[in-house]
file entry.cif (mmCIF, C-alpha atoms)
data_model
loop_
_atom_site.label_atom_id
_atom_site.label_comp_id
_atom_site.auth_asym_id
_atom_site.auth_seq_id
_atom_site.Cartn_x
_atom_site.Cartn_y
_atom_site.Cartn_z
CA MET A 1 -12.18 -0.69 12.23
CA ARG A 2 -8.76 -2.09 11.51
CA LYS A 3 -6.84 -0.54 8.65
CA TYR A 4 -7.03 -2.63 5.50
CA VAL A 5 -3.72 -4.00 4.21
CA PRO A 6 -3.67 -5.88 0.91
CA LYS A 7 -2.77 -9.48 1.68
CA ASP A 8 -2.07 -10.82 -1.82
CA ASN A 9 1.45 -12.02 -2.43
CA VAL A 10 2.47 -10.82 0.98
CA GLN A 11 4.76 -13.74 1.77
CA ALA A 12 6.61 -13.68 -1.52
CA LYS A 13 7.55 -10.07 -1.06
CA ALA A 14 10.35 -9.18 1.27
CA TYR A 15 8.64 -6.91 3.72
CA TYR A 16 11.89 -5.46 5.00
CA THR A 17 14.92 -4.94 2.84
CA ASP A 18 17.24 -2.67 4.79
CA ARG A 19 20.23 -4.58 6.10
CA PHE A 20 20.22 -2.76 9.41
CA TRP A 21 17.36 -1.75 11.63
CA VAL A 22 16.30 1.81 10.98
CA SER A 23 14.68 3.14 14.09
CA PRO A 24 11.58 5.27 13.70
CA ARG A 25 12.17 8.98 14.09
CA VAL A 26 11.47 10.20 17.60
CA PRO A 27 9.52 13.51 17.64
CA ARG A 28 11.73 16.58 18.00
CA ASN A 29 10.40 19.49 19.99
CA ALA A 30 11.57 23.06 20.02
CA VAL A 31 13.41 24.41 23.04
CA GLU A 32 10.88 26.38 25.12
CA GLU A 33 11.77 29.82 26.42
CA GLY A 34 12.49 30.18 30.11
CA THR A 35 13.65 26.61 30.67
CA HIS A 36 17.08 25.40 31.71
CA PHE A 37 17.76 24.18 28.19
CA ALA A 38 17.01 27.60 26.73
CA ASP A 39 19.71 29.04 28.99
CA VAL A 40 22.14 26.38 27.80
CA VAL A 41 21.44 27.19 24.15
CA LYS A 42 21.89 30.90 24.93
CA THR A 43 25.23 30.19 26.65
CA LEU A 44 26.54 28.27 23.65
CA GLY A 45 25.47 31.02 21.29
CA ALA A 46 26.80 30.65 17.76
CA GLN A 47 28.59 27.41 18.59
CA CYS A 48 25.21 25.69 18.67
CA LYS A 49 24.24 24.95 15.06
CA GLU A 50 20.96 23.26 15.83
CA ALA A 51 19.15 22.50 19.08
CA TYR A 52 15.98 20.56 19.80
CA ILE A 53 14.51 18.38 22.50
CA VAL A 54 14.13 14.61 22.12
CA ASP A 55 12.71 12.54 24.99
CA ALA A 56 13.22 15.42 27.46
CA GLN A 57 16.90 15.67 26.47
CA LEU A 58 18.51 18.56 24.71
CA VAL A 59 20.34 17.62 21.52
CA VAL A 60 22.93 20.12 20.36
CA HIS A 61 24.66 19.95 16.99
CA ILE A 62 28.09 21.53 16.87
CA ASP A 63 31.09 21.76 14.55
CA ALA A 64 33.63 19.01 15.11
CA PRO A 65 36.71 21.25 15.73
CA GLU A 66 34.85 23.09 18.52
CA ASN A 67 33.95 20.03 20.57
CA PHE A 68 36.43 20.69 23.37
CA LYS A 69 35.40 24.34 23.77
CA VAL A 70 31.69 23.54 23.73
CA ILE A 71 31.95 20.72 26.24
CA LYS A 72 34.20 22.82 28.48
CA LYS A 73 31.58 25.55 28.44
CA LEU A 74 28.85 23.05 29.25
CA LYS A 75 30.86 21.69 32.13
CA GLU A 76 32.01 24.96 33.66
CA GLN A 77 29.11 27.29 32.94
CA CYS A 78 26.08 24.99 32.69
CA GLY A 79 26.91 22.44 35.39
CA TYR A 80 27.22 19.32 33.23
CA THR A 81 29.70 17.59 35.50
CA GLN A 82 29.47 14.07 34.13
CA CYS A 83 30.11 12.53 30.75
CA SER A 84 28.14 9.33 30.90
CA GLU A 85 28.64 8.07 27.36
CA GLN A 86 30.56 8.87 24.26
CA SER A 87 30.69 7.00 21.01
CA ALA A 88 29.99 7.20 17.30
CA VAL A 89 27.48 5.97 14.73
CA ASP A 90 28.61 4.73 11.35
CA TYR A 91 26.76 6.62 8.60
CA LEU A 92 29.55 6.07 6.08
CA ALA A 93 27.34 4.21 3.62
CA GLN A 94 24.65 6.86 3.35
CA ASP A 95 26.49 10.12 4.18
CA GLY A 96 30.19 9.27 4.14
CA GLU A 97 30.44 10.49 7.74
CA PHE A 98 30.53 9.38 11.35
CA GLU A 99 28.15 10.87 13.84
CA LEU A 100 29.88 11.42 17.16
CA PHE A 101 27.98 12.06 20.33
CA TRP A 102 28.72 12.95 23.94
CA GLN A 103 26.09 12.30 26.55
CA LEU A 104 26.41 14.76 29.46
CA LEU A 105 24.61 14.82 32.80
CA ASN A 106 23.80 17.71 35.12
CA ILE A 107 23.11 16.26 38.56
CA ASP A 108 21.85 19.51 40.15
CA GLU A 109 19.23 20.11 37.49
CA ALA A 110 18.67 16.39 36.73
CA LYS A 111 19.04 17.14 33.04
CA ARG A 112 20.85 15.42 30.22
CA ILE A 113 22.35 16.83 27.05
CA ARG A 114 23.54 15.08 23.93
CA VAL A 115 26.21 16.93 21.98
CA THR A 116 26.54 15.58 18.45
CA THR A 117 28.77 16.35 15.56
CA ARG A 118 29.72 14.79 12.26
CA ILE A 119 33.20 14.02 10.96
CA LYS A 120 34.53 12.53 7.75
CA GLN A 121 36.36 9.23 7.75
CA GLY A 122 40.03 9.78 8.55
CA ASP A 123 39.42 13.01 10.46
CA ALA A 124 40.53 13.21 14.07
CA ILE A 125 38.64 14.60 17.03
CA GLU A 126 39.91 16.48 20.08
CA SER A 127 40.05 14.53 23.32
CA ILE A 128 37.89 15.65 26.25
CA GLU A 129 39.86 13.51 28.67
CA LYS A 130 41.13 16.65 30.44
CA LEU A 131 37.54 17.59 31.27
CA TYR A 132 36.17 14.17 32.11
CA ARG A 133 38.44 11.32 33.19
CA SER A 134 35.72 8.89 32.18
CA ALA A 135 36.27 9.86 28.56
CA ASN A 136 39.63 8.08 28.60
CA PHE A 137 38.26 4.58 28.09
CA ALA A 138 35.35 5.80 25.96
CA GLU A 139 37.75 7.42 23.51
CA ARG A 140 39.93 4.34 23.41
CA GLU A 141 36.85 2.31 22.60
CA LEU A 142 35.93 4.84 19.93
CA PHE A 143 39.34 4.35 18.37
CA ASP A 144 39.17 0.56 18.73
CA MET A 145 35.72 0.08 17.29
CA PHE A 146 35.63 2.78 14.58
CA GLY A 147 39.24 3.75 13.94
CA ILE A 148 38.57 7.39 14.80
CA LYS A 149 41.74 9.01 16.04
CA VAL A 150 41.54 11.21 19.12
CA ASN A 151 44.07 14.05 19.47
CA ASN A 152 45.81 14.70 22.80
CA HIS A 153 44.63 11.47 24.34
CA PRO A 154 47.07 10.22 27.03
CA LEU A 155 47.18 6.62 25.78
CA LEU A 156 45.34 5.98 22.56
CA LYS A 157 45.44 2.24 22.01
CA ARG A 158 42.90 -0.50 21.57
CA ILE A 159 40.87 -1.33 24.63
CA LEU A 160 38.72 -4.36 23.73
CA MET A 161 40.39 -6.03 20.80
CA PRO A 162 44.01 -7.24 20.95
CA ASP A 163 46.67 -4.67 20.08
CA ASP A 164 47.66 -6.49 16.89
CA TRP A 165 44.09 -6.75 15.61
CA GLU A 166 43.26 -5.62 12.10
CA GLY A 167 40.06 -3.80 11.35
CA HIS A 168 37.52 -1.93 13.41
CA PRO A 169 34.63 -4.21 14.32
CA LEU A 170 31.81 -1.72 14.82
CA LEU A 171 32.06 -0.39 11.29
CA LYS A 172 29.06 -1.54 9.33
CA THR A 173 31.35 -2.83 6.60
CA TYR A 174 33.03 -5.23 9.06
CA PRO A 175 31.65 -8.78 8.63
CA LEU A 176 29.85 -10.08 11.70
CA GLN A 177 31.65 -13.41 11.62
CA GLY A 178 34.99 -11.75 11.05
CA ASP A 179 37.22 -11.29 8.05
CA ASP A 180 40.06 -13.61 7.07
CA PHE A 181 42.40 -12.13 9.66
CA ALA A 182 39.86 -12.55 12.45
CA SER A 183 38.93 -16.11 11.58
CA TRP A 184 42.54 -17.29 11.77
CA TYR A 185 43.67 -14.99 14.55
CA GLU A 186 44.10 -17.50 17.38
CA VAL A 187 45.62 -20.17 15.11
CA ASP A 188 48.15 -17.76 13.60
CA LYS A 189 49.06 -16.37 16.98
CA ILE A 190 49.47 -19.66 18.85
CA PHE A 191 50.67 -22.16 16.24
CA GLY A 192 51.66 -20.10 13.23
CA LYS A 193 50.20 -19.87 9.77
CA GLU A 194 51.43 -23.29 8.72
CA TYR A 195 48.95 -24.86 11.12
CA ARG A 196 45.96 -23.47 9.24
CA ASP A 197 45.71 -26.60 7.10
CA ILE A 198 45.88 -28.92 10.09
CA ILE A 199 43.30 -27.17 12.19
CA GLY A 200 41.01 -26.21 9.36
CA PRO A 201 38.61 -23.34 8.97
CA GLU A 202 36.15 -22.39 11.68
CA LEU A 203 33.02 -24.44 11.98
CA ARG A 204 30.39 -21.74 12.01
CA ASP A 205 27.38 -24.06 12.07
CA PRO A 206 27.36 -26.01 15.33
CA ALA A 207 24.43 -28.14 14.17
CA MET A 208 26.31 -29.36 11.10
CA ILE A 209 26.65 -33.13 10.80
CA ASP A 210 29.29 -34.57 8.53
CA ARG A 211 27.88 -37.94 7.53
CA TYR A 212 31.22 -39.32 6.40
CA ASP A 213 33.17 -38.27 9.45
CA THR A 214 32.98 -41.47 11.46
CA LYS A 215 35.21 -40.13 14.20
CA ARG A 216 32.71 -37.66 15.49
CA PHE A 217 29.38 -38.77 14.02
CA ALA A 218 27.56 -42.01 13.49
CA ARG A 219 26.41 -42.57 9.95
CA ILE A 220 22.71 -41.91 9.65
CA GLY A 221 20.80 -45.18 9.86
CA TYR A 222 23.91 -47.33 10.42
CA GLU A 223 26.12 -48.46 13.21
CA VAL A 224 29.66 -47.59 12.23
CA PRO A 225 32.93 -48.40 13.93
CA PHE A 226 34.99 -45.47 15.17
CA GLY A 227 37.19 -44.01 12.49
CA GLU A 228 36.06 -46.27 9.67
CA GLU A 229 36.81 -44.95 6.22
CA TYR A 230 34.35 -44.70 3.38
CA THR A 231 35.04 -45.00 -0.28
CA GLU A 232 33.51 -42.60 -2.73
CA GLU A 233 31.03 -45.22 -4.00
CA GLU A 234 29.59 -45.64 -0.58
CA GLN A 235 28.98 -41.93 -0.22
CA GLN A 236 25.44 -41.99 -1.41
CA PRO A 237 22.96 -39.25 -0.58
CA VAL A 238 20.42 -40.05 2.08
CA GLU A 239 17.46 -41.79 0.53
CA TYR A 240 14.12 -40.19 0.94
CA SER A 241 12.16 -42.35 3.31
CA GLU A 242 8.45 -42.23 3.81
CA THR A 243 8.60 -44.66 6.68
CA PHE A 244 8.92 -42.00 9.31
CA MET A 245 6.94 -39.36 7.49
CA VAL A 246 3.46 -38.53 8.70
CA ASP A 247 1.04 -37.13 6.21
CA TYR A 248 -0.84 -34.49 8.14
CA ASN A 249 -2.84 -33.48 5.08
CA LYS A 250 -4.51 -36.86 4.81
CA SER A 251 -8.05 -36.56 6.02
CA SER A 252 -9.21 -39.13 8.46
CA GLU A 253 -12.25 -39.44 10.63
CA THR A 254 -10.37 -40.16 13.81
CA LEU A 255 -7.17 -38.49 14.75
CA ASP A 256 -5.66 -41.75 15.91
CA GLU A 257 -6.15 -44.48 13.35
CA ARG A 258 -5.62 -47.24 15.90
CA LYS A 259 -8.90 -46.45 17.58
CA MET B 1 42.65 -44.36 59.05
CA ALA B 2 39.82 -46.81 58.67
CA GLN B 3 40.21 -50.10 60.44
CA HIS B 4 39.66 -52.97 58.06
CA GLN B 5 38.90 -56.38 59.28
CA VAL B 6 41.13 -58.77 57.41
CA ASN B 7 39.56 -62.07 56.57
CA TYR B 8 42.60 -64.30 56.89
CA ALA B 9 40.69 -67.31 55.66
CA SER B 10 39.87 -65.86 52.21
CA THR B 11 43.18 -64.17 51.40
CA ALA B 12 45.46 -67.06 52.20
CA GLY B 13 46.03 -65.59 55.61
CA LEU B 14 47.75 -62.46 54.33
CA PRO B 15 46.50 -58.86 54.09
CA ILE B 16 47.53 -58.57 50.43
CA ALA B 17 45.73 -57.12 47.42
CA LEU B 18 47.17 -57.96 44.02
CA THR B 19 47.17 -55.25 41.36
CA SER B 20 49.27 -53.80 38.57
CA VAL B 21 51.36 -50.66 38.68
CA ASP B 22 49.12 -49.07 36.07
CA LYS B 23 46.06 -49.61 38.19
CA LEU B 24 47.75 -48.35 41.31
CA VAL B 25 49.00 -45.18 39.65
CA ASN B 26 45.69 -44.55 37.97
CA TRP B 27 43.89 -45.13 41.25
CA GLY B 28 45.98 -42.36 42.73
CA ARG B 29 45.55 -40.06 39.78
CA THR B 30 41.84 -40.47 39.36
CA ASN B 31 41.14 -39.79 43.01
CA SER B 32 43.19 -36.62 43.11
CA LEU B 33 42.28 -34.76 39.94
CA TRP B 34 43.21 -31.19 40.64
CA PRO B 35 41.66 -28.73 38.22
CA LEU B 36 43.03 -25.30 37.50
CA THR B 37 41.03 -22.43 39.00
CA TYR B 38 40.16 -20.94 35.67
CA GLY B 39 36.75 -19.46 34.98
CA LEU B 40 36.05 -17.68 31.72
CA ALA B 41 32.36 -16.75 31.89
CA CYS B 42 29.07 -17.73 33.49
CA CYS B 43 29.90 -21.46 33.40
CA ALA B 44 32.50 -20.62 36.01
CA ILE B 45 29.67 -19.86 38.45
CA GLU B 46 28.45 -23.44 38.06
CA MET B 47 32.02 -24.66 38.39
CA MET B 48 32.37 -22.71 41.64
CA ALA B 49 29.06 -24.11 42.85
CA SER B 50 30.42 -27.60 42.14
CA GLY B 51 33.38 -26.85 44.33
CA ALA B 52 31.33 -25.37 47.16
CA ALA B 53 29.65 -27.11 50.06
CA ARG B 54 26.34 -28.10 48.53
CA PHE B 55 27.76 -30.15 45.66
CA ASP B 56 31.15 -30.71 47.27
CA PHE B 57 33.70 -31.60 44.64
CA ASP B 58 36.19 -32.44 47.38
CA ARG B 59 34.63 -35.84 47.95
CA PHE B 60 35.92 -36.84 44.47
CA GLY B 61 39.37 -35.63 45.41
CA VAL B 62 38.85 -32.67 43.13
CA ILE B 63 40.55 -29.67 44.65
CA PHE B 64 40.94 -26.48 42.64
CA ARG B 65 44.51 -25.27 42.43
CA ALA B 66 45.50 -21.70 41.73
CA SER B 67 48.59 -22.61 39.73
CA PRO B 68 48.84 -24.50 36.44
CA ARG B 69 52.00 -26.17 37.74
CA GLN B 70 49.96 -28.00 40.37
CA ALA B 71 46.94 -28.82 38.24
CA ASP B 72 46.17 -31.87 36.11
CA VAL B 73 42.79 -30.86 34.73
CA MET B 74 41.85 -27.71 32.89
CA ILE B 75 38.15 -26.93 32.95
CA LEU B 76 37.47 -24.40 30.23
CA ALA B 77 34.32 -22.94 31.71
CA GLY B 78 32.85 -20.35 29.40
CA THR B 79 33.31 -18.27 26.28
CA LEU B 80 36.87 -18.15 25.06
CA SER B 81 37.52 -14.91 23.25
CA LYS B 82 40.17 -14.72 20.55
CA LYS B 83 42.12 -12.22 22.58
CA HIS B 84 42.31 -14.65 25.47
CA ALA B 85 43.02 -17.78 23.43
CA GLU B 86 46.76 -17.21 23.59
CA PHE B 87 46.73 -17.09 27.38
CA ALA B 88 44.50 -20.15 27.69
CA ARG B 89 46.96 -22.07 25.56
CA ARG B 90 49.87 -20.79 27.62
CA LEU B 91 48.22 -21.97 30.84
CA TYR B 92 47.61 -25.34 29.23
CA ASP B 93 51.28 -25.54 28.21
CA GLN B 94 52.35 -24.68 31.74
CA MET B 95 50.46 -27.59 33.23
CA THR B 96 52.55 -30.68 33.90
CA GLU B 97 51.89 -33.96 32.17
CA PRO B 98 49.68 -35.93 32.36
CA LYS B 99 46.93 -33.39 31.85
CA TRP B 100 43.34 -33.47 30.77
CA VAL B 101 40.93 -30.88 29.49
CA ILE B 102 37.20 -30.54 30.04
CA SER B 103 35.34 -28.20 27.74
CA MET B 104 32.39 -26.97 29.76
CA GLY B 105 29.30 -25.52 28.14
CA SER B 106 28.18 -24.66 24.64
CA CYS B 107 30.47 -21.66 24.25
CA ALA B 108 33.60 -23.65 24.97
CA ASN B 109 32.41 -26.57 22.81
CA THR B 110 31.46 -24.71 19.64
CA GLY B 111 31.42 -21.00 20.33
CA GLY B 112 27.78 -21.39 21.28
CA MET B 113 25.57 -18.44 20.60
CA PHE B 114 28.58 -16.21 20.05
CA ASN B 115 28.82 -16.76 16.32
CA THR B 116 30.90 -13.61 16.02
CA TYR B 117 34.33 -12.36 15.00
CA ALA B 118 35.76 -12.25 18.51
CA THR B 119 34.98 -15.72 19.89
CA VAL B 120 36.96 -18.91 19.41
CA GLN B 121 34.60 -21.34 17.69
CA GLY B 122 35.31 -24.27 19.97
CA VAL B 123 38.29 -24.51 22.29
CA ASP B 124 39.39 -27.71 20.53
CA ARG B 125 40.83 -25.40 17.87
CA ILE B 126 43.65 -24.55 20.26
CA ILE B 127 43.64 -27.18 23.03
CA PRO B 128 43.03 -30.95 22.78
CA VAL B 129 39.83 -31.69 24.70
CA ASP B 130 38.99 -34.92 26.54
CA MET B 131 35.44 -34.23 27.61
CA TYR B 132 32.74 -32.01 26.17
CA LEU B 133 29.88 -31.00 28.44
CA PRO B 134 26.71 -29.82 26.77
CA GLY B 135 24.57 -27.21 28.45
CA CYS B 136 24.25 -23.49 28.89
CA ALA B 137 25.38 -23.52 31.59
CA PRO B 138 25.76 -27.18 32.62
CA ARG B 139 24.52 -27.98 36.10
CA PRO B 140 27.11 -28.84 38.77
CA GLU B 141 25.87 -32.44 38.59
CA THR B 142 26.87 -32.49 34.92
CA LEU B 143 30.35 -31.31 35.74
CA GLN B 144 30.65 -33.91 38.48
CA TYR B 145 29.43 -36.58 36.10
CA ALA B 146 32.01 -35.41 33.57
CA MET B 147 34.70 -35.68 36.20
CA MET B 148 33.58 -39.23 36.95
CA MET B 149 33.64 -40.03 33.23
CA LEU B 150 37.12 -38.56 33.04
CA GLN B 151 38.18 -40.80 35.93
CA LYS B 152 36.75 -43.73 34.02
CA LYS B 153 38.69 -42.69 30.94
CA ILE B 154 41.94 -42.34 32.85
CA ARG B 155 41.53 -45.78 34.39
CA LYS B 156 41.21 -47.29 30.91
CA TYR B 157 44.62 -46.11 29.76
CA PRO B 158 48.14 -47.11 30.85
CA ALA B 159 49.70 -45.01 33.57
CA ASP B 160 52.54 -43.97 31.28
CA PHE B 161 50.99 -41.08 29.45
CA LYS B 162 53.46 -41.45 26.62
CA LYS B 163 51.64 -44.65 25.70
CA TYR B 164 48.34 -42.81 25.35
CA PRO B 165 46.70 -43.37 22.00
CA ILE B 166 46.83 -40.13 20.01
CA GLN B 167 43.35 -39.08 19.13
CA ASP B 168 43.27 -37.50 15.74
CA LEU B 169 39.90 -35.86 15.33
CA THR B 170 40.67 -34.20 12.04
CA ASN B 171 38.94 -35.76 9.11
CA GLN B 172 41.05 -38.29 7.31
CA LYS B 173 40.05 -36.90 3.94
CA GLY B 174 41.74 -33.54 4.31
CA PRO B 175 40.73 -30.74 6.62
CA ARG B 176 37.32 -30.48 8.22
CA LYS B 177 34.51 -30.14 5.78
CA VAL B 178 32.80 -26.87 6.37
CA ARG B 179 29.60 -25.63 4.92
CA LEU B 180 30.08 -21.94 4.34
CA ILE B 181 27.16 -19.79 5.33
#
call {"tool": "encode", "arguments": {"input": "entry.cif", "output": "C-alpha cells"}}
result
Amino acid sequence: MRKYVPKDNVQAKAYYTDRFWVSPRVPRNAVEEGTHFADVVKTLGAQCKEAYIVDAQLVVHIDAPENFKVIKKLKEQCGYTQCSEQSAVDYLAQDGEFELFWQLLNIDEAKRIRVTTRIKQGDAIESIEKLYRSANFAERELFDMFGIKVNNHPLLKRILMPDDWEGHPLLKTYPLQGDDFASWYEVDKIFGKEYRDIIGPELRDPAMIDRYDTKRFARIGYEVPFGEEYTEEEQQPVEYSETFMVDYNKSSETLDERK
Amino acid sequence: MAQHQVNYASTAGLPIALTSVDKLVNWGRTNSLWPLTYGLACCAIEMMASGAARFDFDRFGVIFRASPRQADVMILAGTLSKKHAEFARRLYDQMTEPKWVISMGSCANTGGMFNTYATVQGVDRIIPVDMYLPGCAPRPETLQYAMMMLQKKIRKYPADFKKYPIQDLTNQKGPRKVRLI
C-alpha cells in the first residue's frame, strides 16, 4: 500500500523552501582492505584526514596547504596521471568556507579519486599546474568564478568573463540576472555611462507589452498609427471583458451549445 | 548576357527604360546585399545552411564576405554575450555605409532563454536593427524571407542614406518602461 501523506492545506504550504537544490546524500562506504583504494589511503598516510567510497570513487579529505604534496604523491606513486576536473563549491552561507575538489583519473586501474579540501574565503591555494597542464585553465576558471587565488599559477587572470569584470558569478550571493555593473556593462563599455539614460535599463521580460508604446506595440483592441502619442487621460486600464471569456464551470447538457 | 527581344512598336522604337537614380541605385544595392560572415551561436548553422547549395542564398545576390569593409549587412546570428558586445559593435562600425542589420533568432532579439548576467538582452541595445527574425533557430527560409523583406525596405527609401528617416524606438515618454522582476 502507498504511504499515506496528509493532503490538507498542501497547496498553501510551500513544499520546498531552500533557495538552492540540496542533493540527497549519496551512501558512503568504507574503504575495503586489499583493494587498490586501500593502498592509496595507505600511501597517503596521515595526509588523508578522511577517506570513503562514493559511487565506486574514493573521496579523500586533506588539509588545504598540503594539496600539492598529496596530488604529487597520487600522481607519482599511485598512477593518477590525469586531472579531469577541478573546481569549488560555495558553502559560504552555511559554513563560511569553499569546498575545493580535484578529480583524478588512473587509466591503468580505471579508477577515479576525488581529493577535497576546505578553505576560508580570501585564502589562496597552491597551483597544481606543474603536475597537470590541464589544471591551468581550470584554476583560471576557479579564480574567475569564485575569486579564489591560486599561488604559483603561470597566468592567473579571468578566463570566461572579461578582464575588467566585477564580481565572481558562481558565488551564490551573485544575482543570476547580474548586479548593477553587469547590467550596464556593454553600454558603459561601448557608449559610456552618459548613454545609460538613452538606452534604458535591460528588458528582462521578453513577453512584456507596453500598451502605450505605439512604436513597437499596437494598443490592445485598437488600431493605432505608428508613433502616436497618448495623453494621461487616455491611459485607462484595460476593461474587463466577458465577451471573450468562456465559463467552463457552467453546466450544460451538450458540450457545444449550437447543437 | 540574356538576349532580349526589343518590341520597337511599344517603346517608341527605342530600347529605353525610364527610371530614377534612386531606383537604379537601390536596384543595384538590393540585388547585391553582402552580409558579413559572422556567426555567434547555433543560429549561425542555419545561416550557413542558407548560404549553402540547398537553400542557395547566391540567387538573391547574397554573398557572405569575410571582411566588414566589404559587407553591407550584418546578420547577428545567435547569443551575444556581454564580453563580445564590444567587438560586435566594432565590426558594425567598421562596415561602410549604407549598412543594415538583421537580428536573427530569439537570443539576438531579446536575449532569449539566456536571462542571465552575461548575455546582452537584445542586440538593439548596442546596434540599430532593421529586421528581427523570430525563431530558435529560424529556418533558412525565414532568413531568406527576411532578406527579401530587407530588399523591400531598401527599395522604399531614397538611395542617399543620409536622407534615411531616423527611427527612434525609444519611448517618447522617457526611457523604456521596465517592469522589474
call {"tool": "residues_around", "arguments": {"input": "entry.cif", "residues": "Phe161 in chain B", "least_positions_apart": "2", "cutoff": "8 Å", "atoms": "only C-alpha atoms", "output": "PyMOL selection string"}}
result
chain B and resi 97-98+158-159+163-164
call {"tool": "interface_residues", "arguments": {"input": "entry.cif", "of": "chain A", "to": "chain B", "cutoff": "10 Å", "atoms": "only C-alpha atoms", "output": "ChimeraX atom specification"}}
result
/A:160-165,169,174-187,189-191,196-210,212-216,227-230
call {"tool": "write_last_selection", "arguments": {"input": "entry.cif", "atoms": "C-alpha atoms", "output": "CSV table (one decimal), keeping the file's coordinate frame"}}
result
chain,number,residue,atom,x,y,z
A,160,LEU,CA,38.7,-4.4,23.7
A,161,MET,CA,40.4,-6.0,20.8
A,162,PRO,CA,44.0,-7.2,21.0
A,163,ASP,CA,46.7,-4.7,20.1
A,164,ASP,CA,47.7,-6.5,16.9
A,165,TRP,CA,44.1,-6.8,15.6
A,169,PRO,CA,34.6,-4.2,14.3
A,174,TYR,CA,33.0,-5.2,9.1
A,175,PRO,CA,31.6,-8.8,8.6
A,176,LEU,CA,29.8,-10.1,11.7
A,177,GLN,CA,31.6,-13.4,11.6
A,178,GLY,CA,35.0,-11.8,11.0
A,179,ASP,CA,37.2,-11.3,8.0
A,180,ASP,CA,40.1,-13.6,7.1
A,181,PHE,CA,42.4,-12.1,9.7
A,182,ALA,CA,39.9,-12.6,12.4
A,183,SER,CA,38.9,-16.1,11.6
A,184,TRP,CA,42.5,-17.3,11.8
A,185,TYR,CA,43.7,-15.0,14.6
A,186,GLU,CA,44.1,-17.5,17.4
A,187,VAL,CA,45.6,-20.2,15.1
A,189,LYS,CA,49.1,-16.4,17.0
A,190,ILE,CA,49.5,-19.7,18.8
A,191,PHE,CA,50.7,-22.2,16.2
A,196,ARG,CA,46.0,-23.5,9.2
A,197,ASP,CA,45.7,-26.6,7.1
A,198,ILE,CA,45.9,-28.9,10.1
A,199,ILE,CA,43.3,-27.2,12.2
A,200,GLY,CA,41.0,-26.2,9.4
A,201,PRO,CA,38.6,-23.3,9.0
A,202,GLU,CA,36.2,-22.4,11.7
A,203,LEU,CA,33.0,-24.4,12.0
A,204,ARG,CA,30.4,-21.7,12.0
A,205,ASP,CA,27.4,-24.1,12.1
A,206,PRO,CA,27.4,-26.0,15.3
A,207,ALA,CA,24.4,-28.1,14.2
A,208,MET,CA,26.3,-29.4,11.1
A,209,ILE,CA,26.6,-33.1,10.8
A,210,ASP,CA,29.3,-34.6,8.5
A,212,TYR,CA,31.2,-39.3,6.4
A,213,ASP,CA,33.2,-38.3,9.4
A,214,THR,CA,33.0,-41.5,11.5
A,215,LYS,CA,35.2,-40.1,14.2
A,216,ARG,CA,32.7,-37.7,15.5
A,227,GLY,CA,37.2,-44.0,12.5
A,228,GLU,CA,36.1,-46.3,9.7
A,229,GLU,CA,36.8,-45.0,6.2
A,230,TYR,CA,34.4,-44.7,3.4
call {"tool": "resolve_selection", "arguments": {"input": "entry.cif", "expression": "the PyMOL selection byres ((chain A and resi 148-153) around 8)", "output": "list in words"}}
result
Gln121, Gly122, Asp123, Ala124, Ile125, Glu126, Ser127, Glu129, Asn136, Glu139, Leu142, Phe143, Asp144, Phe146, Gly147, Pro154, Leu155 and Leu156 of chain A
call {"tool": "resolve_selection", "arguments": {"input": "entry.cif", "expression": "the PyMOL selection byres ((chain B and resi 95) around 9)", "output": "MDAnalysis selection string"}}
result
chainID B and resid 36 67:74 90:94 96:99
call {"tool": "residues_around", "arguments": {"input": "entry.cif", "residues": "Leu76 in chain B", "least_positions_apart": "6", "cutoff": "9 Å", "atoms": "all atoms listed in the file", "output": "MDAnalysis selection string"}}
result
chainID B and resid 38:40 43:44 88 101:105 108 123
call {"tool": "residues_around", "arguments": {"input": "entry.cif", "residues": "Ala93 in chain A", "least_positions_apart": "3", "cutoff": "10 Å", "atoms": "all atoms listed in the file", "output": "ChimeraX atom specification"}}
result
/A:90,96-98,172-173
call {"tool": "atom_distance", "arguments": {"input": "entry.cif", "atom1": "CA of Val89 in chain A", "atom2": "CA of Val40 in chain A"}}
result
24.8 Å
call {"tool": "atom_distance", "arguments": {"input": "entry.cif", "atom1": "CA of Trp34 in chain B", "atom2": "CA of Ile63 in chain B"}}
result
5.0 Å
call {"tool": "atom_distance", "arguments": {"input": "entry.cif", "atom1": "CA of Thr37 in chain B", "atom2": "CA of Ile75 in chain B"}}
result
8.1 Å
call {"tool": "resolve_selection", "arguments": {"input": "entry.cif", "expression": "the PyMOL selection byres ((chain A and resi 42) around 12)", "output": "ChimeraX atom specification"}}
result
/A:31-41,43-51,60,73-74,77-78
call {"tool": "closest_residue", "arguments": {"input": "entry.cif", "among": "B:Ile154, B:Leu24, B:Ala52, B:Cys107", "to": "Asp130 in chain B", "atoms": "all atoms listed in the file"}}
result
B:Ile154
call {"tool": "closest_residue", "arguments": {"input": "entry.cif", "among": "A:Arg118, A:Tyr4, A:Glu166, A:Ala135", "to": "Glu66 in chain A", "atoms": "all atoms listed in the file"}}
result
A:Arg118
call {"tool": "residues_near_point", "arguments": {"input": "entry.cif", "point": "(30.0, 7.5, 19.7)", "cutoff": "6 Å", "atoms": "all atoms listed in the file", "output": "tab-separated table (two decimals) with C-alpha atoms, in the coordinates of the input"}}
result
chain	number	residue	atom	x	y	z
A	86	GLN	CA	30.56	8.87	24.26
A	87	SER	CA	30.69	7.00	21.01
A	88	ALA	CA	29.99	7.20	17.30
A	89	VAL	CA	27.48	5.97	14.73
A	100	LEU	CA	29.88	11.42	17.16
A	101	PHE	CA	27.98	12.06	20.33
call {"tool": "residues_around", "arguments": {"input": "entry.cif", "residues": "Arg139 in chain B", "least_positions_apart": "4", "cutoff": "10 Å", "atoms": "only C-alpha atoms", "output": "PyMOL selection string"}}
result
chain B and resi 43+45-47+49-50+105+133-135+143-145
